[in-house]
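*Asks:* What follows is entry25.cif, made up of mmCIF, C-alpha atoms:
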```cif
data_start
#
loop_
_atom_site.label_atom_id
_atom_site.label_comp_id
_atom_site.auth_asym_id
_atom_site.auth_seq_id
_atom_site.Cartn_x
_atom_site.Cartn_y
_atom_site.Cartn_z
CA MET A 1 -129.60 -16.78 -17.29
CA THR A 2 -132.12 -16.40 -14.49
CA ASP A 3 -132.69 -13.08 -12.81
CA LEU A 4 -129.93 -12.52 -10.30
CA PRO A 5 -130.81 -10.60 -7.16
CA GLN A 6 -129.78 -6.96 -7.16
CA GLY A 7 -130.80 -3.72 -5.53
CA ASN A 8 -129.61 -0.48 -4.08
CA VAL A 9 -129.40 1.33 -0.77
CA PRO A 10 -129.37 5.15 -0.66
CA ILE A 11 -126.75 6.57 1.67
CA LYS A 12 -127.85 9.87 3.14
CA SER A 13 -127.29 9.45 6.86
CA GLU A 14 -125.15 7.50 9.29
CA ASN A 15 -127.99 5.05 9.81
CA ASP A 16 -127.92 4.25 6.10
CA ILE A 17 -124.43 2.84 6.63
CA ILE A 18 -126.08 0.25 8.89
CA ALA A 19 -128.77 -0.38 6.26
CA ALA A 20 -126.05 -0.92 3.62
CA ARG A 21 -124.24 -3.33 5.94
CA LYS A 22 -127.44 -5.27 6.54
CA ALA A 23 -128.23 -5.56 2.82
CA VAL A 24 -124.70 -6.80 2.13
CA ARG A 25 -124.77 -9.25 5.03
CA ASP A 26 -128.10 -10.69 3.84
CA LEU A 27 -126.82 -11.09 0.28
CA ALA A 28 -123.44 -12.58 1.21
CA THR A 29 -125.11 -15.02 3.61
CA ARG A 30 -127.66 -15.99 0.95
CA LEU A 31 -124.83 -16.71 -1.51
CA CYS A 32 -123.30 -19.05 1.10
CA PHE A 33 -120.11 -17.12 1.76
CA GLY A 34 -118.36 -18.34 4.91
CA VAL A 35 -118.56 -16.33 8.11
CA THR A 36 -115.09 -14.78 7.68
CA ASP A 37 -115.79 -13.70 4.10
CA VAL A 38 -119.18 -12.31 5.14
CA THR A 39 -117.39 -10.26 7.80
CA ARG A 40 -114.77 -9.08 5.26
CA ILE A 41 -117.42 -8.04 2.71
CA VAL A 42 -119.65 -6.30 5.28
CA THR A 43 -116.69 -4.45 6.79
CA ALA A 44 -115.45 -3.31 3.36
CA ALA A 45 -119.01 -2.12 2.58
CA SER A 46 -119.08 -0.24 5.87
CA GLU A 47 -115.82 1.59 5.07
CA LEU A 48 -116.93 2.48 1.53
CA ALA A 49 -120.42 3.57 2.59
CA ARG A 50 -118.84 5.74 5.25
CA ASN A 51 -116.57 7.35 2.64
CA VAL A 52 -119.65 8.27 0.61
CA PHE A 53 -121.29 9.82 3.64
CA LEU A 54 -118.18 11.64 4.90
CA TYR A 55 -116.88 13.03 1.63
CA ALA A 56 -120.02 13.45 -0.48
CA GLN A 57 -122.81 13.57 2.19
CA ALA A 58 -125.00 11.46 -0.07
CA GLY A 59 -124.82 8.69 -2.61
CA VAL A 60 -125.96 5.17 -3.29
CA MET A 61 -124.73 1.62 -2.91
CA ARG A 62 -125.76 -0.74 -5.71
CA TRP A 63 -125.43 -4.45 -5.01
CA SER A 64 -125.65 -7.33 -7.41
CA THR A 65 -124.90 -10.99 -7.79
CA LEU A 66 -122.27 -12.18 -10.25
CA ASP A 67 -122.47 -15.46 -12.11
CA ALA A 68 -119.54 -16.07 -14.43
CA ASN A 69 -117.86 -19.32 -15.46
CA SER A 70 -119.84 -21.27 -12.89
CA SER A 71 -118.45 -19.02 -10.20
CA VAL A 72 -120.69 -16.90 -8.00
CA GLY A 73 -119.74 -13.51 -6.63
CA ILE A 74 -120.95 -10.31 -5.11
CA GLU A 75 -120.48 -6.87 -6.63
CA LEU A 76 -120.95 -3.60 -4.78
CA THR A 77 -120.76 -0.15 -6.35
CA PHE A 78 -120.66 3.03 -4.29
CA GLU A 79 -121.56 6.14 -6.26
CA ASP A 80 -121.62 9.75 -5.23
CA HIS A 81 -121.58 13.22 -6.76
CA GLY A 82 -119.13 14.56 -4.22
CA PRO A 83 -115.83 16.40 -4.67
CA GLY A 84 -114.08 13.45 -6.33
CA ILE A 85 -110.60 12.14 -5.62
CA PRO A 86 -107.81 14.27 -7.16
CA ASP A 87 -105.20 11.51 -7.05
CA VAL A 88 -106.61 7.99 -6.92
CA GLU A 89 -103.16 6.42 -6.68
CA LEU A 90 -102.38 8.52 -3.62
CA ALA A 91 -105.79 7.72 -2.11
CA MET A 92 -104.91 4.05 -2.29
CA LYS A 93 -101.91 4.54 -0.03
CA PRO A 94 -102.46 3.78 3.66
CA GLY A 95 -102.58 6.91 5.78
CA TYR A 96 -104.35 9.01 3.18
CA GLY A 97 -107.66 10.57 4.10
CA THR A 98 -108.75 14.14 4.51
CA SER A 99 -111.92 13.50 6.49
CA HIS A 100 -112.54 11.87 9.85
CA GLY A 101 -111.58 8.34 8.99
CA LEU A 102 -108.36 6.58 9.70
CA GLY A 103 -107.13 6.64 6.13
CA LEU A 104 -107.83 2.92 5.96
CA GLY A 105 -110.96 3.18 3.87
CA LEU A 106 -109.88 2.52 0.28
CA PRO A 107 -106.72 0.43 0.68
CA GLY A 108 -108.28 -1.44 3.60
CA ALA A 109 -111.43 -2.26 1.63
CA LYS A 110 -109.30 -3.42 -1.30
CA ARG A 111 -107.43 -5.90 0.89
CA LEU A 112 -110.72 -7.35 2.13
CA MET A 113 -112.13 -7.85 -1.37
CA ASP A 114 -110.87 -9.61 -4.53
CA GLU A 115 -111.20 -6.74 -6.98
CA MET A 116 -111.58 -3.00 -6.78
CA GLU A 117 -112.05 -0.30 -9.42
CA ILE A 118 -112.23 3.41 -8.80
CA HIS A 119 -113.52 6.01 -11.23
CA SER A 120 -113.36 9.54 -9.98
CA GLU A 121 -113.54 12.99 -11.48
CA VAL A 122 -112.83 16.11 -9.46
CA GLY A 123 -116.01 18.12 -9.00
CA LYS A 124 -118.18 15.38 -10.50
CA GLY A 125 -118.04 12.45 -8.14
CA THR A 126 -116.67 9.04 -7.41
CA SER A 127 -117.64 5.48 -8.17
CA VAL A 128 -115.97 2.59 -6.37
CA THR A 129 -116.73 -0.99 -7.40
CA VAL A 130 -115.62 -4.01 -5.36
CA ARG A 131 -116.11 -7.72 -6.00
CA LYS A 132 -115.69 -10.88 -4.00
CA TRP A 133 -115.88 -14.35 -5.53
CA LEU A 134 -117.11 -17.40 -3.72
CA ARG A 135 -114.36 -20.03 -3.61
CA ARG A 136 -115.75 -23.44 -4.32
CA MET B 1 -134.28 2.85 12.16
CA THR B 2 -134.11 3.19 15.92
CA ASN B 3 -130.82 3.53 17.68
CA GLN B 4 -129.83 0.73 19.97
CA SER B 5 -129.29 1.27 23.65
CA ILE B 6 -126.33 -0.01 25.56
CA SER B 7 -126.08 -0.07 29.30
CA VAL B 8 -123.00 0.56 31.34
CA VAL B 9 -123.22 -1.74 34.35
CA ARG B 10 -121.07 -1.60 37.44
CA VAL B 11 -119.99 -4.97 38.83
CA ARG B 12 -118.03 -4.46 42.05
CA ASP B 13 -115.26 -2.11 41.00
CA THR B 14 -115.48 -2.65 37.26
CA LEU B 15 -117.65 -1.18 34.55
CA MET B 16 -119.12 -3.68 32.09
CA VAL B 17 -120.39 -2.82 28.65
CA THR B 18 -121.81 -5.33 26.17
CA MET B 19 -121.81 -4.14 22.59
CA PRO B 20 -124.68 -5.11 20.26
CA ALA B 21 -123.99 -7.16 17.10
CA ASP B 22 -124.12 -4.26 14.68
CA PRO B 23 -123.66 -1.02 16.59
CA ASP B 24 -124.52 2.19 14.75
CA ASP B 25 -122.50 5.38 15.01
CA VAL B 26 -124.85 7.09 17.45
CA THR B 27 -124.65 4.09 19.78
CA VAL B 28 -120.87 3.99 19.57
CA VAL B 29 -120.56 7.70 20.38
CA ALA B 30 -123.13 7.48 23.19
CA LEU B 31 -121.11 4.64 24.67
CA GLN B 32 -118.08 6.88 25.03
CA GLU B 33 -119.96 9.54 26.96
CA GLU B 34 -121.76 7.08 29.19
CA VAL B 35 -118.57 5.26 30.06
CA LEU B 36 -116.79 8.46 31.07
CA ARG B 37 -119.75 9.61 33.17
CA ALA B 38 -119.83 6.23 34.90
CA MET B 39 -116.07 6.42 35.51
CA GLU B 40 -116.57 9.67 37.40
CA ARG B 41 -119.61 8.43 39.28
CA TYR B 42 -118.48 4.95 40.37
CA ARG B 43 -114.68 5.34 40.34
CA PRO B 44 -114.03 1.82 39.11
CA LYS B 45 -110.66 0.23 38.44
CA GLY B 46 -111.48 -0.14 34.83
CA LEU B 47 -113.75 -1.02 31.98
CA VAL B 48 -114.49 -4.33 30.31
CA LEU B 49 -115.86 -3.95 26.80
CA ASP B 50 -117.51 -7.19 25.76
CA ILE B 51 -117.53 -7.36 21.95
CA SER B 52 -118.30 -11.08 21.65
CA ALA B 53 -121.58 -10.30 19.85
CA VAL B 54 -120.02 -7.76 17.47
CA GLU B 55 -120.05 -8.91 13.85
CA THR B 56 -118.71 -5.77 12.18
CA LEU B 57 -115.81 -3.78 13.55
CA ASP B 58 -115.00 -0.99 11.11
CA SER B 59 -112.49 1.83 11.39
CA PHE B 60 -115.00 4.19 12.99
CA PHE B 61 -115.86 1.73 15.74
CA ALA B 62 -112.19 0.88 16.30
CA ARG B 63 -111.23 4.54 16.50
CA THR B 64 -113.96 5.33 19.03
CA VAL B 65 -113.01 2.33 21.17
CA THR B 66 -109.33 3.35 21.09
CA GLU B 67 -110.23 6.93 22.00
CA THR B 68 -112.48 5.79 24.84
CA SER B 69 -109.73 3.57 26.18
CA ARG B 70 -107.31 6.49 26.10
CA MET B 71 -109.81 8.72 27.93
CA VAL B 72 -110.37 6.03 30.57
CA THR B 73 -106.59 5.84 31.01
CA LEU B 74 -106.42 9.61 31.47
CA MET B 75 -109.05 9.33 34.19
CA GLY B 76 -107.01 6.62 35.91
CA GLY B 77 -108.70 3.42 34.76
CA ARG B 78 -107.83 0.52 32.51
CA THR B 79 -109.76 -0.89 29.58
CA VAL B 80 -109.93 -4.50 28.45
CA ILE B 81 -111.63 -5.51 25.22
CA ALA B 82 -113.02 -9.00 25.56
CA GLY B 83 -114.27 -11.72 23.26
CA MET B 84 -113.39 -10.63 19.74
CA ARG B 85 -114.67 -13.20 17.23
CA PRO B 86 -112.13 -14.92 14.96
CA SER B 87 -113.75 -13.52 11.80
CA VAL B 88 -113.61 -10.02 13.26
CA ALA B 89 -109.95 -10.43 14.27
CA ILE B 90 -109.04 -11.60 10.74
CA THR B 91 -110.94 -8.74 9.12
CA ALA B 92 -109.59 -6.08 11.48
CA THR B 93 -106.01 -7.19 10.83
CA GLN B 94 -106.41 -7.22 7.06
CA LEU B 95 -108.12 -3.86 7.16
CA GLY B 96 -105.16 -2.52 9.12
CA LEU B 97 -107.03 -1.63 12.31
CA THR B 98 -105.20 -1.34 15.57
CA LEU B 99 -106.69 -0.80 18.98
CA GLY B 100 -103.86 1.47 20.06
CA GLY B 101 -102.40 -0.92 22.60
CA THR B 102 -105.67 -1.48 24.46
CA MET B 103 -105.55 -4.70 26.49
CA THR B 104 -107.53 -7.64 25.15
CA ALA B 105 -108.83 -10.84 26.68
CA LEU B 106 -110.37 -13.98 25.23
CA THR B 107 -113.35 -13.85 27.59
CA VAL B 108 -115.01 -11.44 30.01
CA ASP B 109 -113.90 -13.73 32.82
CA ARG B 110 -110.26 -13.35 31.86
CA ALA B 111 -110.73 -9.62 31.39
CA LEU B 112 -111.91 -9.36 35.00
CA ASN B 113 -108.84 -11.32 36.11
CA LEU B 114 -106.63 -8.87 34.23
CA LEU B 115 -108.27 -5.91 35.95
CA SER B 116 -108.10 -7.42 39.42
CA ASP B 117 -104.41 -8.14 38.99
CA THR B 118 -102.82 -5.48 41.19
CA ARG B 119 -99.24 -6.16 40.20
CA PRO B 120 -97.51 -3.36 38.33
CA ARG B 121 -98.58 -3.32 34.75
CA ARG B 122 -96.10 -4.55 32.20
CA ARG B 123 -95.95 -2.67 28.99
CA LEU B 124 -96.63 -4.63 25.85
CA ARG B 125 -94.40 -3.93 22.93
#
```
Would you encode the structure as structure tokens?
*Replies:*
Amino acid sequence: MTDLPQGNVPIKSENDIIAARKAVRDLATRLCFGVTDVTRIVTAASELARNVFLYAQAGVMRWSTLDANSSVGIELTFEDHGPGIPDVELAMKPGYGTSHGLGLGLPGAKRLMDEMEIHSEVGKGTSVTVRKWLRR
Amino acid sequence: MTNQSISVVRVRDTLMVTMPADPDDVTVVALQEEVLRAMERYRPKGLVLDISAVETLDSFFARTVTETSRMVTLMGGRTVIAGMRPSVAITATQLGLTLGGTMTALTVDRALNLLSDTRPRRRLR
């Protein structure tokens, strides 16, 4: 397998949310996602990057390209060492959210992507991974 | 990264704002303050927010726009959001965003027609 493009964007300020969006837009466009899917992926990234900033103040977004069974995809992981999510199931319900968002972050991002996994430990941090596959 | 600047322009008795493609938080917040200052200064009928260039409308942007629209209403004006792209409309709906009943128009031209319509406003349900 050839080297697939990957990288990361630190999230430490509000402007880094824009940087994360730009990195995701560039990657999704390069992988030939359609304009609506690019918008979905970038918007999901924006929500998740904002969660990192709002709840943990700092973290990182890792992005990578997926190549499985002749299908291409994009994978984004948002990691922080913030307070963690006490009840992930509850956090996935619309309307949840203890910060300044609209409570749309996690469930909204899940609807825009194909797959989502959340690993969170109270006091240790949170890792959210989302994937979108290119339909061919 | 530098923050973008947006200008609030008065055209006759309407305020016009054109949003950049990828507005950052500082720009979005600055927009709110500038719009309200311009409302006081020019006393327009309303505000047209042209988002035809906007490629990413996330919950923060939507919330600030909804808030601004509510503030403009409190001051006695009306807000029309014009030119949302199809991809943005699809994404916003799936994300679960609402614009809190803010009026929308397909184009800036139609938004201006909406604002110049002096008939009593019908409530959308």
*Asks:* Using all atoms listed in the file and a cut-off of 9 Å, which residues of chain A sit close to chain B? Please list them as an mmCIF file with C-alpha atoms, in the frame of the given file.
*Replies:*
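Written file, iface.cif:
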```cif
data_model
loop_
_atom_site.group_PDB
_atom_site.id
_atom_site.type_symbol
_atom_site.label_atom_id
_atom_site.label_comp_id
_atom_site.auth_asym_id
_atom_site.auth_seq_id
_atom_site.Cartn_x
_atom_site.Cartn_y
_atom_site.Cartn_z
ATOM 1 C CA GLU A 14 -125.150 7.500 9.290
ATOM 2 C CA ASN A 15 -127.990 5.050 9.810
ATOM 3 C CA ASP A 16 -127.920 4.250 6.100
ATOM 4 C CA ILE A 17 -124.430 2.840 6.630
ATOM 5 C CA ILE A 18 -126.080 0.250 8.890
ATOM 6 C CA ALA A 19 -128.770 -0.380 6.260
ATOM 7 C CA ARG A 21 -124.240 -3.330 5.940
ATOM 8 C CA LYS A 22 -127.440 -5.270 6.540
ATOM 9 C CA VAL A 35 -118.560 -16.330 8.110
ATOM 10 C CA THR A 36 -115.090 -14.780 7.680
ATOM 11 C CA ASP A 37 -115.790 -13.700 4.100
ATOM 12 C CA VAL A 38 -119.180 -12.310 5.140
ATOM 13 C CA THR A 39 -117.390 -10.260 7.800
ATOM 14 C CA ARG A 40 -114.770 -9.080 5.260
ATOM 15 C CA VAL A 42 -119.650 -6.300 5.280
ATOM 16 C CA THR A 43 -116.690 -4.450 6.790
ATOM 17 C CA ALA A 44 -115.450 -3.310 3.360
ATOM 18 C CA SER A 46 -119.080 -0.240 5.870
ATOM 19 C CA GLU A 47 -115.820 1.590 5.070
ATOM 20 C CA ARG A 50 -118.840 5.740 5.250
ATOM 21 C CA PRO A 94 -102.460 3.780 3.660
ATOM 22 C CA HIS A 100 -112.540 11.870 9.850
ATOM 23 C CA GLY A 101 -111.580 8.340 8.990
ATOM 24 C CA LEU A 102 -108.360 6.580 9.700
ATOM 25 C CA GLY A 103 -107.130 6.640 6.130
ATOM 26 C CA LEU A 104 -107.830 2.920 5.960
ATOM 27 C CA GLY A 105 -110.960 3.180 3.870
ATOM 28 C CA PRO A 107 -106.720 0.430 0.680
ATOM 29 C CA GLY A 108 -108.280 -1.440 3.600
ATOM 30 C CA ALA A 109 -111.430 -2.260 1.630
ATOM 31 C CA LYS A 110 -109.300 -3.420 -1.300
ATOM 32 C CA ARG A 111 -107.430 -5.900 0.890
ATOM 33 C CA LEU A 112 -110.720 -7.350 2.130
#
```
*Asks:* What gap, in Å, lies between atom CA of Val52 of chain A and atom CA of Ala20 of chain A?
*Replies:*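 Distance between the two atoms: 11.6 Å.
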*Asks:* If the PyMOL selection byres ((chain A and resi 53-58) around 6) were run on this exact file, what residues would it hold? Put them as number ranges by chain.
*Replies:* A: 11-12, 50-52, 59, 82
*Asks:* Create the file for the chosen residues now, containing C-alpha atoms and written as an mmCIF file, keeping the file's coordinate frame.
*Replies:*
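Listed below is the output, out39.cif:
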```cif
data_model
loop_
_atom_site.group_PDB
_atom_site.id
_atom_site.type_symbol
_atom_site.label_atom_id
_atom_site.label_comp_id
_atom_site.auth_asym_id
_atom_site.auth_seq_id
_atom_site.Cartn_x
_atom_site.Cartn_y
_atom_site.Cartn_z
ATOM 1 C CA ILE A 11 -126.750 6.570 1.670
ATOM 2 C CA LYS A 12 -127.850 9.870 3.140
ATOM 3 C CA ARG A 50 -118.840 5.740 5.250
ATOM 4 C CA ASN A 51 -116.570 7.350 2.640
ATOM 5 C CA VAL A 52 -119.650 8.270 0.610
ATOM 6 C CA GLY A 59 -124.820 8.690 -2.610
ATOM 7 C CA GLY A 82 -119.130 14.560 -4.220
#
```
*Asks:* Exactly which residues make up the result of the PyMOL selection byres ((chain A and resi 63) around 9) on this file, given as a ChimeraX atom specification?
*Replies:* /A:5-9,23-24,27,61-62,64-65,74-78
*Asks:* Using all atoms listed in the file, which of the listed residues (A:Val60, A:Leu106, A:Lys124, A:Asp114) sits closest to His81 of chain A?
*Replies:*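 Once distances to His81 of chain A are computed over all atoms listed in the file, the minimum belongs to A:Lys124.
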